[in-house]
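Enquirer: Below is the file data-v9.pdb, with PDB, C-alpha atoms.
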```
MODEL        1
ATOM      1  CA  GLN A 290      -8.666 204.539 -46.215  1.00  0.00           C
ATOM      2  CA  VAL A 291     -10.576 203.420 -49.298  1.00  0.00           C
ATOM      3  CA  GLN A 292     -11.755 199.834 -49.458  1.00  0.00           C
ATOM      4  CA  LEU A 293     -13.196 198.102 -52.488  1.00  0.00           C
ATOM      5  CA  VAL A 294     -15.159 194.865 -52.133  1.00  0.00           C
ATOM      6  CA  GLU A 295     -16.172 193.003 -55.277  1.00  0.00           C
ATOM      7  CA  SER A 296     -18.765 190.248 -55.398  1.00  0.00           C
ATOM      8  CA  GLY A 297     -21.021 188.345 -57.763  1.00  0.00           C
ATOM      9  CA  GLY A 298     -18.552 186.201 -59.663  1.00  0.00           C
ATOM     10  CA  GLY A 299     -18.965 182.505 -60.293  1.00  0.00           C
ATOM     11  CA  LEU A 300     -18.955 179.684 -62.794  1.00  0.00           C
ATOM     12  CA  VAL A 301     -21.262 180.058 -65.762  1.00  0.00           C
ATOM     13  CA  GLN A 302     -21.675 178.397 -69.145  1.00  0.00           C
ATOM     14  CA  ALA A 303     -20.895 180.257 -72.330  1.00  0.00           C
ATOM     15  CA  GLY A 304     -23.825 182.462 -73.273  1.00  0.00           C
ATOM     16  CA  GLY A 305     -24.823 182.973 -69.667  1.00  0.00           C
ATOM     17  CA  SER A 306     -24.965 186.101 -67.539  1.00  0.00           C
ATOM     18  CA  LEU A 307     -23.572 187.417 -64.275  1.00  0.00           C
ATOM     19  CA  ARG A 308     -23.931 190.675 -62.387  1.00  0.00           C
ATOM     20  CA  LEU A 309     -20.942 191.921 -60.458  1.00  0.00           C
ATOM     21  CA  SER A 310     -21.095 194.446 -57.661  1.00  0.00           C
ATOM     22  CA  CYS A 311     -18.426 196.585 -56.060  1.00  0.00           C
ATOM     23  CA  ALA A 312     -18.997 198.370 -52.777  1.00  0.00           C
ATOM     24  CA  ALA A 313     -16.647 201.238 -52.019  1.00  0.00           C
ATOM     25  CA  SER A 314     -16.020 202.776 -48.644  1.00  0.00           C
ATOM     26  CA  GLY A 315     -14.671 206.268 -48.204  1.00  0.00           C
ATOM     27  CA  SER A 316     -15.663 209.571 -49.696  1.00  0.00           C
ATOM     28  CA  ILE A 317     -14.013 209.240 -53.082  1.00  0.00           C
ATOM     29  CA  PHE A 318     -16.700 207.210 -54.786  1.00  0.00           C
ATOM     30  CA  SER A 319     -19.223 209.877 -55.720  1.00  0.00           C
ATOM     31  CA  ILE A 320     -16.627 212.343 -57.007  1.00  0.00           C
ATOM     32  CA  ASN A 321     -14.707 209.992 -59.294  1.00  0.00           C
ATOM     33  CA  PRO A 322     -15.314 207.967 -62.409  1.00  0.00           C
ATOM     34  CA  MET A 323     -15.357 204.256 -61.624  1.00  0.00           C
ATOM     35  CA  GLY A 324     -14.070 201.378 -63.682  1.00  0.00           C
ATOM     36  CA  TRP A 325     -14.180 197.614 -63.915  1.00  0.00           C
ATOM     37  CA  TYR A 326     -10.939 195.849 -64.711  1.00  0.00           C
ATOM     38  CA  ARG A 327     -10.070 192.216 -65.270  1.00  0.00           C
ATOM     39  CA  GLN A 328      -6.983 190.049 -65.225  1.00  0.00           C
ATOM     40  CA  ALA A 329      -6.883 186.708 -66.967  1.00  0.00           C
ATOM     41  CA  PRO A 330      -4.223 184.103 -66.111  1.00  0.00           C
ATOM     42  CA  GLY A 331      -0.876 185.068 -67.583  1.00  0.00           C
ATOM     43  CA  LYS A 332      -2.157 188.403 -68.845  1.00  0.00           C
ATOM     44  CA  GLN A 333      -1.976 191.995 -67.703  1.00  0.00           C
ATOM     45  CA  ARG A 334      -4.868 193.643 -65.981  1.00  0.00           C
ATOM     46  CA  GLU A 335      -7.084 195.506 -68.437  1.00  0.00           C
ATOM     47  CA  LEU A 336      -9.777 198.139 -68.155  1.00  0.00           C
ATOM     48  CA  VAL A 337     -13.083 196.895 -69.524  1.00  0.00           C
ATOM     49  CA  ALA A 338     -15.591 199.616 -68.633  1.00  0.00           C
ATOM     50  CA  VAL A 339     -15.702 203.112 -67.149  1.00  0.00           C
ATOM     51  CA  VAL A 340     -18.629 205.198 -65.935  1.00  0.00           C
ATOM     52  CA  ASN A 341     -18.395 208.873 -65.013  1.00  0.00           C
ATOM     53  CA  THR A 342     -19.636 210.351 -61.762  1.00  0.00           C
ATOM     54  CA  GLY A 343     -23.175 210.985 -62.974  1.00  0.00           C
ATOM     55  CA  GLY A 344     -23.506 207.780 -64.941  1.00  0.00           C
ATOM     56  CA  GLY A 345     -24.156 209.558 -68.209  1.00  0.00           C
ATOM     57  CA  SER A 346     -20.799 208.932 -69.862  1.00  0.00           C
ATOM     58  CA  ILE A 347     -19.699 205.346 -70.317  1.00  0.00           C
ATOM     59  CA  SER A 348     -16.995 203.622 -72.315  1.00  0.00           C
ATOM     60  CA  TYR A 349     -16.179 199.980 -72.963  1.00  0.00           C
ATOM     61  CA  ALA A 350     -13.319 197.942 -74.259  1.00  0.00           C
ATOM     62  CA  ASP A 351     -14.049 196.670 -77.745  1.00  0.00           C
ATOM     63  CA  SER A 352     -13.990 193.092 -76.492  1.00  0.00           C
ATOM     64  CA  VAL A 353     -17.052 193.622 -74.272  1.00  0.00           C
ATOM     65  CA  LYS A 354     -19.072 196.213 -76.188  1.00  0.00           C
ATOM     66  CA  GLY A 355     -22.663 195.197 -76.658  1.00  0.00           C
ATOM     67  CA  ARG A 356     -22.414 192.500 -73.984  1.00  0.00           C
ATOM     68  CA  PHE A 357     -21.434 194.273 -70.751  1.00  0.00           C
ATOM     69  CA  THR A 358     -23.183 197.182 -69.046  1.00  0.00           C
ATOM     70  CA  ILE A 359     -21.624 199.278 -66.301  1.00  0.00           C
ATOM     71  CA  SER A 360     -23.762 201.324 -63.928  1.00  0.00           C
ATOM     72  CA  ARG A 361     -23.450 202.979 -60.557  1.00  0.00           C
ATOM     73  CA  HIS A 362     -25.588 203.886 -57.575  1.00  0.00           C
ATOM     74  CA  ASN A 363     -23.951 206.828 -55.843  1.00  0.00           C
ATOM     75  CA  ALA A 364     -26.183 206.735 -52.781  1.00  0.00           C
ATOM     76  CA  LYS A 365     -25.066 203.148 -52.176  1.00  0.00           C
ATOM     77  CA  ASN A 366     -21.421 203.754 -53.140  1.00  0.00           C
ATOM     78  CA  THR A 367     -21.747 200.793 -55.484  1.00  0.00           C
ATOM     79  CA  VAL A 368     -20.801 200.145 -59.075  1.00  0.00           C
ATOM     80  CA  TYR A 369     -22.188 197.240 -61.090  1.00  0.00           C
ATOM     81  CA  LEU A 370     -21.197 195.270 -64.144  1.00  0.00           C
ATOM     82  CA  GLN A 371     -23.925 193.332 -65.928  1.00  0.00           C
ATOM     83  CA  MET A 372     -22.290 190.730 -68.147  1.00  0.00           C
ATOM     84  CA  ASN A 373     -24.362 188.988 -70.804  1.00  0.00           C
ATOM     85  CA  SER A 374     -23.483 186.568 -73.590  1.00  0.00           C
ATOM     86  CA  LEU A 375     -20.399 185.519 -71.687  1.00  0.00           C
ATOM     87  CA  LYS A 376     -17.570 183.833 -73.548  1.00  0.00           C
ATOM     88  CA  PRO A 377     -14.755 181.588 -72.301  1.00  0.00           C
ATOM     89  CA  GLU A 378     -12.318 184.422 -73.014  1.00  0.00           C
ATOM     90  CA  ASP A 379     -14.122 186.525 -70.385  1.00  0.00           C
ATOM     91  CA  THR A 380     -12.695 184.206 -67.733  1.00  0.00           C
ATOM     92  CA  ALA A 381     -10.681 186.369 -65.333  1.00  0.00           C
ATOM     93  CA  VAL A 382     -10.580 187.937 -61.908  1.00  0.00           C
ATOM     94  CA  TYR A 383     -12.655 191.103 -62.046  1.00  0.00           C
ATOM     95  CA  TYR A 384     -11.803 194.187 -60.011  1.00  0.00           C
ATOM     96  CA  CYS A 385     -13.235 197.644 -59.620  1.00  0.00           C
ATOM     97  CA  ASN A 386     -11.244 200.807 -59.035  1.00  0.00           C
ATOM     98  CA  LEU A 387     -11.297 204.444 -59.982  1.00  0.00           C
ATOM     99  CA  GLY A 388     -11.797 205.085 -63.664  1.00  0.00           C
ATOM    100  CA  ARG A 389      -8.712 207.280 -63.858  1.00  0.00           C
ATOM    101  CA  PRO A 390      -5.234 207.287 -62.337  1.00  0.00           C
ATOM    102  CA  PRO A 391      -3.971 207.373 -59.714  1.00  0.00           C
ATOM    103  CA  LEU A 392      -5.792 204.257 -58.640  1.00  0.00           C
ATOM    104  CA  VAL A 393      -6.476 203.256 -55.062  1.00  0.00           C
ATOM    105  CA  PRO A 394      -5.439 199.937 -53.470  1.00  0.00           C
ATOM    106  CA  TRP A 395      -7.069 196.963 -55.190  1.00  0.00           C
ATOM    107  CA  GLY A 396      -9.681 194.807 -53.542  1.00  0.00           C
ATOM    108  CA  GLN A 397      -9.618 191.032 -53.621  1.00  0.00           C
ATOM    109  CA  GLY A 398     -11.528 190.838 -56.888  1.00  0.00           C
ATOM    110  CA  THR A 399     -14.161 188.304 -57.864  1.00  0.00           C
ATOM    111  CA  GLN A 400     -13.479 185.274 -60.055  1.00  0.00           C
ATOM    112  CA  VAL A 401     -15.518 184.794 -63.206  1.00  0.00           C
ATOM    113  CA  THR A 402     -15.144 181.475 -64.987  1.00  0.00           C
ATOM    114  CA  VAL A 403     -16.960 180.807 -68.254  1.00  0.00           C
ATOM    115  CA  SER A 404     -17.057 177.216 -69.440  1.00  0.00           C
ATOM    116  CA  SER A 405     -17.439 176.289 -73.091  1.00  0.00           C
TER     117      SER A 405
ENDMDL
END
```
What would the structure in this file look like if it were written as structure tokens?
Expert:
Amino acid sequence: QVQLVESGGGLVQAGGSLRLSCAASGSIFSINPMGWYRQAPGKQRELVAVVNTGGGSISYADSVKGRFTISRHNAKNTVYLQMNSLKPEDTAVYYCNLGRPPLVPWGQGTQVTVSS
């Protein structure tokens, strides 16, 4: 049974930074690409960043390019999302999951709120 536990969210002013973490249990972490997703109120969940198993191949949604950085620590079964220059439109619940389908059950997510 895979479990994903996200943390690190909070309330921050526009222009600020946050670092999210996602701890994954189970054996799937090190053999799969990992992704960060977000869901804003009234909107569909979207993929914002993906990192491959070795960390050398990364992609970002256009809306976060140049501001967000995804990384992973395979020995700790943890994936991170460093978010800089945050904007009010980044406000959402952030989730991690595999970076490719089929996805595993979602964790509880972590709320990020950016005030203007």
Enquirer: So, with only C-alpha atoms as the atoms that count, which of A:Arg334, A:Lys376, A:Lys365, A:Arg327 lies closest to Thr399 (chain A)?
Expert: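 When distances to Thr399 (chain A) are compared using only C-alpha atoms, the smallest one comes from A:Arg327.
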Enquirer: My list of candidates is A:Asn373, A:Ser306, A:Val368, A:Val340. Which is closest to Gly355 (chain A) when distances are computed with all atoms listed in the file?
Expert: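 Among A:Asn373, A:Ser306, A:Val368, A:Val340, it is A:Asn373 that comes nearest to Gly355 (chain A).
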Enquirer: Between A:Pro394, A:Glu378, A:Ala313, A:Val401, which is the closest to Lys332 (chain A) once you count all atoms listed in the file?
Expert: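 The closest residue to Lys332 (chain A) is A:Glu378.
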Enquirer: Around all the atoms of region 336-352 of chain A listed in the file, draw an axis-aligned box and extend it by 8 Å on each of the six sides; I want its centre and edge lengths in Å to one decimal, as JSON.
Expert:
```
{"center_x": -17.0, "center_y": 202.0, "center_z": -69.8, "size_x": 30.4, "size_y": 33.9, "size_z": 32.0}
```
Enquirer: Within 12 Å of Ser374 (chain A), counting all atoms listed in the file, which residues show up once you throw out same-chain ones fewer than 6 positions away? Write them as an mmCIF file with C-alpha atoms, in the frame of the given file, please.
Expert:
```cif
data_model
loop_
_atom_site.group_PDB
_atom_site.id
_atom_site.type_symbol
_atom_site.label_atom_id
_atom_site.label_comp_id
_atom_site.auth_asym_id
_atom_site.auth_seq_id
_atom_site.Cartn_x
_atom_site.Cartn_y
_atom_site.Cartn_z
ATOM 1 C CA VAL A 301 -21.262 180.058 -65.762
ATOM 2 C CA GLN A 302 -21.675 178.397 -69.145
ATOM 3 C CA ALA A 303 -20.895 180.257 -72.330
ATOM 4 C CA GLY A 304 -23.825 182.462 -73.273
ATOM 5 C CA GLY A 305 -24.823 182.973 -69.667
ATOM 6 C CA SER A 306 -24.965 186.101 -67.539
ATOM 7 C CA LEU A 307 -23.572 187.417 -64.275
ATOM 8 C CA ARG A 308 -23.931 190.675 -62.387
ATOM 9 C CA SER A 352 -13.990 193.092 -76.492
ATOM 10 C CA VAL A 353 -17.052 193.622 -74.272
ATOM 11 C CA LYS A 354 -19.072 196.213 -76.188
ATOM 12 C CA GLY A 355 -22.663 195.197 -76.658
ATOM 13 C CA ARG A 356 -22.414 192.500 -73.984
ATOM 14 C CA PHE A 357 -21.434 194.273 -70.751
ATOM 15 C CA THR A 358 -23.183 197.182 -69.046
ATOM 16 C CA VAL A 403 -16.960 180.807 -68.254
ATOM 17 C CA SER A 405 -17.439 176.289 -73.091
#
```
Enquirer: Distance CA of Ser348 (chain A)-CA of Leu336 (chain A), one decimal place?
Expert: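 We find that CA of Ser348 (chain A) and CA of Leu336 (chain A) lie 10.0 Å from each other.
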Enquirer: Under the rule that only C-alpha atoms are counted, which of A:Ala381, A:Met323, A:Leu392, A:Leu293 is the nearest residue to Cys311 (chain A)?
Expert: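 Among A:Ala381, A:Met323, A:Leu392, A:Leu293, it is A:Leu293 that comes nearest to Cys311 (chain A).
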